[in-house]
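The block underneath contains the structure these notes are about, expressed in structure tokens.
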Amino acid sequence: METTFDMFIETEVPEDELIVSRTDFSGKITYVNETFAEISGYRPEELIGKPHNVIRHPDMPKSAFADMWATLKRGEVWEGYVKNLRKDKGYYWVYARMSTVIKDGKPVEYKSVREPASREKKIEMQNLYDKMRAEEEGQIRIVLYVDNDKLDAAAALEKA
């Protein structure tokens, strides 16, 4: 039995690229640029109409998104570091700026422009988000090493 752990594979956001997306007020994606699609591992047509949280990484604390939505609903710009989940279950970090798009004086949707995060900031934010999830949600992230024979035995039990 071969097991892979793509969740540990990070995709680096290129320094000279911006990731852009727009959503309706319920969070459904209405537009993505090619960079967004490429970095997330999806084709644009796989993302349009889907909830933006399709790329929400489980390491992200719920309170970060609660703060983001509250800020946007007040008509303010939200900025912060986000760890996103790729289609292949890998991940990528970004610094995001989200705001309301205004047309003819009326709010019509949200837009997000994201750029790379430094290695130091990724480490800082991972530690902070781990602490927040432990305190707020009672969950911690662990890596577990298991002997191959025990893994094979567990897989055999699962099939039975």
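Naming works like this for the structure tokens: A, B, ... for the chains as they're shown, residue 1 at the start of each chain, ligands 1 onward in shown order.
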Contact residues around Tyr129 of chain A with only C-alpha atoms at 7 Å, ignoring same-chain residues under 4 positions, as a list of chain:residue names: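 Listed by chain and then number, they are A:Asp59, A:Met60, A:Pro61, A:Met125, A:Arg133.
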Counting only C-alpha atoms, what are the residues of segment 78-134 of chain A within 9 Å of segment 10-15 of chain A, and for each of them which pair of atoms is the nearest and at what distance in Å, to one decimal? Sort the table by chain and rising number, as JSON lines.
{"residue": "A:Arg86", "atom": "CA", "partner": "A:Thr11", "partner_atom": "CA", "distance": 8.6}
{"residue": "A:Gly90", "atom": "CA", "partner": "A:Glu10", "partner_atom": "CA", "distance": 5.8}
{"residue": "A:Tyr91", "atom": "CA", "partner": "A:Glu10", "partner_atom": "CA", "distance": 5.0}
{"residue": "A:Tyr92", "atom": "CA", "partner": "A:Thr11", "partner_atom": "CA", "distance": 5.2}
{"residue": "A:Trp93", "atom": "CA", "partner": "A:Val13", "partner_atom": "CA", "distance": 7.5}
{"residue": "A:Val94", "atom": "CA", "partner": "A:Val13", "partner_atom": "CA", "distance": 7.5}
{"residue": "A:Glu115", "atom": "CA", "partner": "A:Val13", "partner_atom": "CA", "distance": 7.2}
{"residue": "A:Pro116", "atom": "CA", "partner": "A:Val13", "partner_atom": "CA", "distance": 5.2}
{"residue": "A:Ala117", "atom": "CA", "partner": "A:Val13", "partner_atom": "CA", "distance": 8.0}
Store the residues picked out above, limited to N, CA and C atoms, as a PDB file, in the first residue's frame.
ATOM      1  N   ARG A  86      -4.872  23.814  -2.175  1.00  0.00           N
ATOM      2  CA  ARG A  86      -4.902  23.536  -3.610  1.00  0.00           C
ATOM      3  C   ARG A  86      -5.815  22.347  -3.913  1.00  0.00           C
ATOM      4  N   GLY A  90      -2.308  20.175  -1.716  1.00  0.00           N
ATOM      5  CA  GLY A  90      -1.149  20.954  -1.304  1.00  0.00           C
ATOM      6  C   GLY A  90      -1.644  22.308  -0.805  1.00  0.00           C
ATOM      7  N   TYR A  91      -0.743  23.245  -0.632  1.00  0.00           N
ATOM      8  CA  TYR A  91      -1.154  24.546  -0.107  1.00  0.00           C
ATOM      9  C   TYR A  91      -0.284  25.662  -0.655  1.00  0.00           C
ATOM     10  N   TYR A  92      -0.745  26.892  -0.423  1.00  0.00           N
ATOM     11  CA  TYR A  92       0.045  28.083  -0.755  1.00  0.00           C
ATOM     12  C   TYR A  92      -0.378  29.213   0.158  1.00  0.00           C
ATOM     13  N   TRP A  93       0.578  30.070   0.485  1.00  0.00           N
ATOM     14  CA  TRP A  93       0.346  31.219   1.355  1.00  0.00           C
ATOM     15  C   TRP A  93       0.282  32.496   0.528  1.00  0.00           C
ATOM     16  N   VAL A  94      -0.592  33.407   0.946  1.00  0.00           N
ATOM     17  CA  VAL A  94      -0.688  34.709   0.287  1.00  0.00           C
ATOM     18  C   VAL A  94      -0.944  35.801   1.318  1.00  0.00           C
ATOM     19  N   GLU A 115      -0.866  38.462  -3.031  1.00  0.00           N
ATOM     20  CA  GLU A 115       0.539  38.456  -3.435  1.00  0.00           C
ATOM     21  C   GLU A 115       1.308  37.492  -2.538  1.00  0.00           C
ATOM     22  N   PRO A 116       2.555  37.188  -2.883  1.00  0.00           N
ATOM     23  CA  PRO A 116       3.335  36.227  -2.089  1.00  0.00           C
ATOM     24  C   PRO A 116       3.569  36.712  -0.661  1.00  0.00           C
ATOM     25  N   ALA A 117       3.800  35.760   0.217  1.00  0.00           N
ATOM     26  CA  ALA A 117       4.168  36.037   1.610  1.00  0.00           C
ATOM     27  C   ALA A 117       5.600  35.552   1.807  1.00  0.00           C
TER      28      ALA A 117
END
Contacts of Val113 of chain A at 9 Å (only C-alpha atoms; same-chain gap of 6+ positions) as a ChimeraX atom specification: /A:18-22,95-99
Selected residue of minimal separation from Ile102 of chain A among A:Gly75, A:Lys121, A:Glu34, A:Gly49, counting only C-alpha atoms: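 Between A:Gly75, A:Lys121, A:Glu34, A:Gly49, the residue approaching Ile102 of chain A most closely is A:Gly75.
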Nearest candidate to Thr100 of chain A (options A:Glu137, A:Glu76, A:Asp67, A:Asp130; using only C-alpha atoms):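 The closest residue to Thr100 of chain A is A:Glu76.
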Selected residue of minimal separation from Tyr110 of chain A among A:Asp16, A:Lys150, A:Ser26, A:Glu124, counting only C-alpha atoms: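 Closest to Tyr110 of chain A of all the choices is A:Ser26.
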Shortest interatomic distance to Asn127 of chain A - which of A:Lys159, A:His57, A:Arg141, A:Arg114, counting only C-alpha atoms: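 Nearest to Asn127 of chain A: A:Arg141.
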Sel. of strand (DSSP E or B) residues, segment 67-100 of chain A, as a ChimeraX atom specification: /A:78-85,91-100
Shell of 7 Å around Glu109 of chain A, only C-alpha atoms, local chain residues under 2 positions omitted, as a PyMOL selection string: chain A and resi 22-25+100-101+107+111
Best match for closeness to Phe36 of chain A among A:Ala66, A:Val77, A:Ile48, A:Val108, counting only C-alpha atoms: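 Smallest distance to Phe36 of chain A is found for A:Ile48.
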Helix (DSSP H, G or I) call set, DSSP backbone run, segment 40-96 of chain A, as a count of residues only: 21
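Computed from the coordinates, the atom CA of Ile29 of chain A to atom CA of Tyr42 of chain A distance equals 12.7 Å.
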